[in-house]
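Trainee: First, the structure itself, so that you have it in front of you.
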Amino acid sequence: MSYARLAEIIGERQGVSAAAMHAAKADSERGGTLFPEALIKVGAITEWELMRIVALEFGLPIVSVASHDLDRELVRSFPPELVSQSLVVPLDRFQKLMTVAMPILAPADVLEQFAGRSRCEICPVVSGLEENRHLVETTLKIRREEGADAGWEKLFDEANAAVMRESKKRR
């Protein structure tokens with residue numbers, strides 16, 4: 001599984017232009033945005049259509065993580081930055097098999113990190129990008145440190161800290 005292969009499939013099946021693919025790739029590389037998210041953001045394809053294509057092409061089921069009873073101990077066994085940056089959510093583990101919910105699609109190297117850390121064979125399923133993000137950020141309280149949203153948040157936090165320091169100096 002790779003983003004390059006996903007781009008090929010979308011170009012073939014959906015007729016998405018090379019310009020839209022390039023814009024999505026550039027957005028993904030520059031902003032820390034996942035490639036599937038960038039495709040949606042530039043208007044090349046809808047989230048649902050992208051999920052459907054990945055599920056059909058790779059023979060994977062689509063799973064709603066919101067309706068899944070999450071094993072928090074399993075999720076916490078992985079570094080928070082790995083989960084927050086990839087938005088891959090470990091769902092279940094049975095002996096040497098672990099099911100993970102990908103935010104539409106995750107590159108093979110990301111899945112290999114989960115496999116290596118868990119010493120399990122990975123069984124990926126397709127899930128919604130926004131659903132995974134919501135689960136990771138609100139339910140699990142793991143925030144992304146990179147990307148546009150975190151950048152603005154950090155900027156405001158730093159500005160607030162500077163104002164507070166200045167305020168204390170004046171007293």
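Letters A, B, ... mark the chains of the structure tokens in the order given; residue numbers begin at 1 per chain; ligand numbers begin at 1, in order shown.
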Applying 10 Å and only C-alpha atoms, which residues near Gln113 (chain A) remain after dropping the ones on its own chain fewer than 6 positions away? List them as an MDAnalysis selection string.
Mentor: chainID A and resid 78 82 119
Trainee: Identify all residues of chain A in strand (DSSP E or B) (DSSP on the backbone) and supply them as a PyMOL selection string.
Mentor: chain A and resi 62+89-94+97-103+121-127
Trainee: How about saving the chosen residues, N, CA and C atoms kept, as a compact mmCIF listing (two decimals), in the first residue's frame?
Mentor:
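After the write, selection-v1.txt holds the following:
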```
# COMPACT_ATOMS: atom_id res chain seq x y z
N ILE A 62 -14.67 -1.79 5.48
CA ILE A 62 -14.80 -0.45 6.03
C ILE A 62 -15.40 -0.60 7.42
N VAL A 89 -5.40 3.72 14.20
CA VAL A 89 -5.89 3.37 15.54
C VAL A 89 -5.88 1.86 15.71
N PRO A 90 -5.07 1.34 16.64
CA PRO A 90 -5.11 -0.10 16.94
C PRO A 90 -6.47 -0.44 17.55
N LEU A 91 -7.16 -1.42 16.99
CA LEU A 91 -8.49 -1.77 17.48
C LEU A 91 -8.50 -3.00 18.38
N ASP A 92 -7.92 -4.08 17.89
CA ASP A 92 -7.95 -5.35 18.62
C ASP A 92 -6.66 -6.11 18.39
N ARG A 93 -6.37 -6.98 19.36
CA ARG A 93 -5.22 -7.86 19.22
C ARG A 93 -5.66 -9.25 19.68
N PHE A 94 -5.36 -10.22 18.85
CA PHE A 94 -5.62 -11.61 19.20
C PHE A 94 -4.36 -12.40 18.88
N LEU A 97 -2.03 -11.37 15.90
CA LEU A 97 -2.76 -10.65 14.85
C LEU A 97 -3.38 -9.40 15.47
N MET A 98 -3.11 -8.25 14.86
CA MET A 98 -3.66 -7.00 15.36
C MET A 98 -4.41 -6.27 14.25
N THR A 99 -5.63 -5.86 14.55
CA THR A 99 -6.44 -5.09 13.61
C THR A 99 -6.23 -3.61 13.88
N VAL A 100 -5.94 -2.87 12.82
CA VAL A 100 -5.78 -1.42 12.93
C VAL A 100 -6.71 -0.73 11.95
N ALA A 101 -7.25 0.41 12.39
CA ALA A 101 -8.12 1.22 11.53
C ALA A 101 -7.28 2.31 10.89
N MET A 102 -7.16 2.25 9.57
CA MET A 102 -6.41 3.25 8.81
C MET A 102 -7.32 4.42 8.46
N PRO A 103 -6.80 5.65 8.51
CA PRO A 103 -7.59 6.79 8.07
C PRO A 103 -7.63 6.80 6.54
N GLU A 121 1.22 -9.55 13.22
CA GLU A 121 0.84 -9.35 11.83
C GLU A 121 -0.30 -8.35 11.84
N ILE A 122 -0.26 -7.39 10.93
CA ILE A 122 -1.26 -6.33 10.90
C ILE A 122 -2.39 -6.67 9.94
N CYS A 123 -3.61 -6.51 10.43
CA CYS A 123 -4.81 -6.69 9.62
C CYS A 123 -5.48 -5.31 9.53
N PRO A 124 -5.21 -4.56 8.43
CA PRO A 124 -5.78 -3.21 8.34
C PRO A 124 -7.23 -3.22 7.87
N VAL A 125 -7.96 -2.24 8.35
CA VAL A 125 -9.32 -1.98 7.88
C VAL A 125 -9.39 -0.50 7.52
N VAL A 126 -10.31 -0.15 6.65
CA VAL A 126 -10.49 1.23 6.20
C VAL A 126 -11.49 1.91 7.13
N SER A 127 -11.14 3.11 7.56
CA SER A 127 -12.07 3.90 8.36
C SER A 127 -11.99 5.35 7.91
```
